[in-house]
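Note sheet for the following structure.
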Amino acid sequence: MASRFLLSLLLCSLAIISIAFESEVGDESPFTYDEDTGKGPKHWGNIEPEWQVCNNGKLQSPIDLLNKRVQTSSKLGKLHRCYKPAPASVKNRGHDIAVIWKGDAGKIKINGTDYKLQQCHWHSPSEHTFNGSRYELEIHLVHESSEGKIAVIGIVYKYGRHDPFLSKLFQHIKRTVEKEEIDLGIVNPGNIRFGSRKYYRYNGSLTTPPCTEGVIWTIVKKVRTVSREQVKALRDAVHDGFEANARPSQPLDGRPVYMYRPNANGAST
């Protein structure tokens, strides 16, 4: 009888710690982006014990990519992307809209390590800022290595022409409701346009609880365009209070920030 109880307890413990990889907490998360609720970004570290790093971490994201802080380098190397079409679904997670790939959607390679693409999601307005300027939208492509390390690619958007990738998902996003997941069939992440070989690189964290640190961030330098209608659809779909789901800039705390240029002379591409 005692052995059965211990086995049951062990299985329960394993179920608790065996959490599928996601870049953010689940739909029932008690955090918000409104400081007036007492659960805004300044208070995230007080909501759950495992979220304390949100308040006291030294490698937090997002940051402001201030020109005078950035060290230009050609030694980082070209960002190697090897994406491929795979089954995917779109999920309304309450605090954001995410596309989750169910199969092998390819990878990126950073410093000799492969990071497989897991999902992408959107923040409006952008989380990363450039010399204090915030754009209308930011997509995060979340990757994970075989050792569980996380690498995220960020691309920011200003208002202008519609984004082709969002256009393919537009009707699905408009009809999602909270917690709902809609099968998309085969989705090619290669349709997410980068548009530049230049990028920023720094060591940071997840931008939502639990704010896990040690995330390799790559922010594409080129600002792409998105239509107002597309941004409105993303905002309208999420739970009330998450229409603006961007965490404020975090202290740099002496971290180096690099910008990759394809050649030492800094010729534009």
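Chain identifiers are assigned as A, B, and so on, following the order in which chains appear in the structure tokens; residues are numbered from 1 within each chain, and ligands are numbered from 1 in order of appearance.
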Closest pair table for stretch 178-208 of chain A residues within 6 Å of stretch 82-95 of chain A, only C-alpha atoms, as CSV:
residue,atom,partner,partner_atom,distance
A:Glu178,CA,A:Gly94,CA,5.1
A:Lys179,CA,A:Asn92,CA,5.4
A:Glu180,CA,A:Asn92,CA,5.7
A:Glu181,CA,A:Lys91,CA,4.2
A:Ile182,CA,A:Val90,CA,5.3
A:Asp183,CA,A:Ser89,CA,4.3
A:Leu184,CA,A:Ser89,CA,4.9
A:Gly185,CA,A:Pro87,CA,5.2
A:Ile186,CA,A:Pro87,CA,4.3
A:Val187,CA,A:Pro85,CA,5.3
A:Asn188,CA,A:Pro85,CA,3.9
A:Gly190,CA,A:Tyr83,CA,5.6
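The set of residues in stretch 79-262 of chain A assigned to alpha helix (DSSP H) by DSSP, using only backbone atoms of this structure, is A:Pro164, A:Phe165, A:Leu166, A:Ser167, A:Lys168, A:Leu169, A:Phe170, A:Gln171, A:His172, A:Ile173, A:Lys174, A:Arg228, A:Glu229, A:Gln230, A:Val231, A:Lys232, A:Ala233, A:Leu234, A:Arg235, A:Asp236, A:Ala237.
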Next on the checklist: Going by DSSP on the backbone, which residues of stretch 123-228 of chain A come out as strand (DSSP E or B)? List them as a PyMOL selection string.
Outcome noted: chain A and resi 123+129-130+133-134+137-144+150-159+181-187+199-205+213-220+224-226
Next on the checklist: Applying 9 Å and only C-alpha atoms, which residues near stretch 66-71 of chain A remain after dropping the ones on its own chain fewer than 5 positions away? List them as a PyMOL selection string.
Outcome noted: chain A and resi 129-132+200+256-260
Would you output that residue set with N, CA, C and O atoms, as a PDB file, in the first residue's frame?
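Now in selection_19.pdb:
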ATOM      1  N   THR A 129      13.122  48.187 -28.520  1.00  0.00           N
ATOM      2  CA  THR A 129      13.071  49.548 -29.023  1.00  0.00           C
ATOM      3  C   THR A 129      14.427  49.914 -29.627  1.00  0.00           C
ATOM      4  O   THR A 129      15.448  49.291 -29.322  1.00  0.00           O
ATOM      5  N   PHE A 130      14.424  50.913 -30.487  1.00  0.00           N
ATOM      6  CA  PHE A 130      15.621  51.354 -31.191  1.00  0.00           C
ATOM      7  C   PHE A 130      15.843  52.829 -30.885  1.00  0.00           C
ATOM      8  O   PHE A 130      15.073  53.671 -31.346  1.00  0.00           O
ATOM      9  N   ASN A 131      16.851  53.113 -30.066  1.00  0.00           N
ATOM     10  CA  ASN A 131      17.098  54.490 -29.626  1.00  0.00           C
ATOM     11  C   ASN A 131      15.831  55.102 -29.028  1.00  0.00           C
ATOM     12  O   ASN A 131      15.507  56.258 -29.257  1.00  0.00           O
ATOM     13  N   GLY A 132      15.110  54.274 -28.295  1.00  0.00           N
ATOM     14  CA  GLY A 132      13.912  54.721 -27.601  1.00  0.00           C
ATOM     15  C   GLY A 132      12.640  54.658 -28.416  1.00  0.00           C
ATOM     16  O   GLY A 132      11.548  54.871 -27.881  1.00  0.00           O
ATOM     17  N   TYR A 200      21.121  42.337 -34.708  1.00  0.00           N
ATOM     18  CA  TYR A 200      21.652  42.590 -33.371  1.00  0.00           C
ATOM     19  C   TYR A 200      21.696  41.261 -32.612  1.00  0.00           C
ATOM     20  O   TYR A 200      20.845  40.404 -32.811  1.00  0.00           O
ATOM     21  N   PRO A 256      27.089  43.233 -23.258  1.00  0.00           N
ATOM     22  CA  PRO A 256      27.470  43.683 -24.597  1.00  0.00           C
ATOM     23  C   PRO A 256      26.338  43.437 -25.591  1.00  0.00           C
ATOM     24  O   PRO A 256      25.618  42.446 -25.490  1.00  0.00           O
ATOM     25  N   VAL A 257      26.181  44.355 -26.531  1.00  0.00           N
ATOM     26  CA  VAL A 257      25.217  44.206 -27.618  1.00  0.00           C
ATOM     27  C   VAL A 257      25.986  44.358 -28.919  1.00  0.00           C
ATOM     28  O   VAL A 257      26.705  45.349 -29.108  1.00  0.00           O
ATOM     29  N   TYR A 258      25.846  43.390 -29.800  1.00  0.00           N
ATOM     30  CA  TYR A 258      26.594  43.396 -31.050  1.00  0.00           C
ATOM     31  C   TYR A 258      25.641  43.580 -32.234  1.00  0.00           C
ATOM     32  O   TYR A 258      24.471  43.214 -32.169  1.00  0.00           O
ATOM     33  N   MET A 259      26.185  44.151 -33.310  1.00  0.00           N
ATOM     34  CA  MET A 259      25.455  44.166 -34.567  1.00  0.00           C
ATOM     35  C   MET A 259      26.339  43.531 -35.628  1.00  0.00           C
ATOM     36  O   MET A 259      27.479  43.965 -35.846  1.00  0.00           O
ATOM     37  N   TYR A 260      25.804  42.503 -36.259  1.00  0.00           N
ATOM     38  CA  TYR A 260      26.553  41.815 -37.314  1.00  0.00           C
ATOM     39  C   TYR A 260      26.444  42.578 -38.624  1.00  0.00           C
ATOM     40  O   TYR A 260      25.354  42.937 -39.067  1.00  0.00           O
TER      41      TYR A 260
END
Item to check | Within 7 Å of stretch 146-163 of chain A using only C-alpha atoms, minus same-chain residues under 3 positions, as an NGL selection string | outcome: :A and (115 or 126 or 135-143 or 166-167 or 215-220 or 223-228)
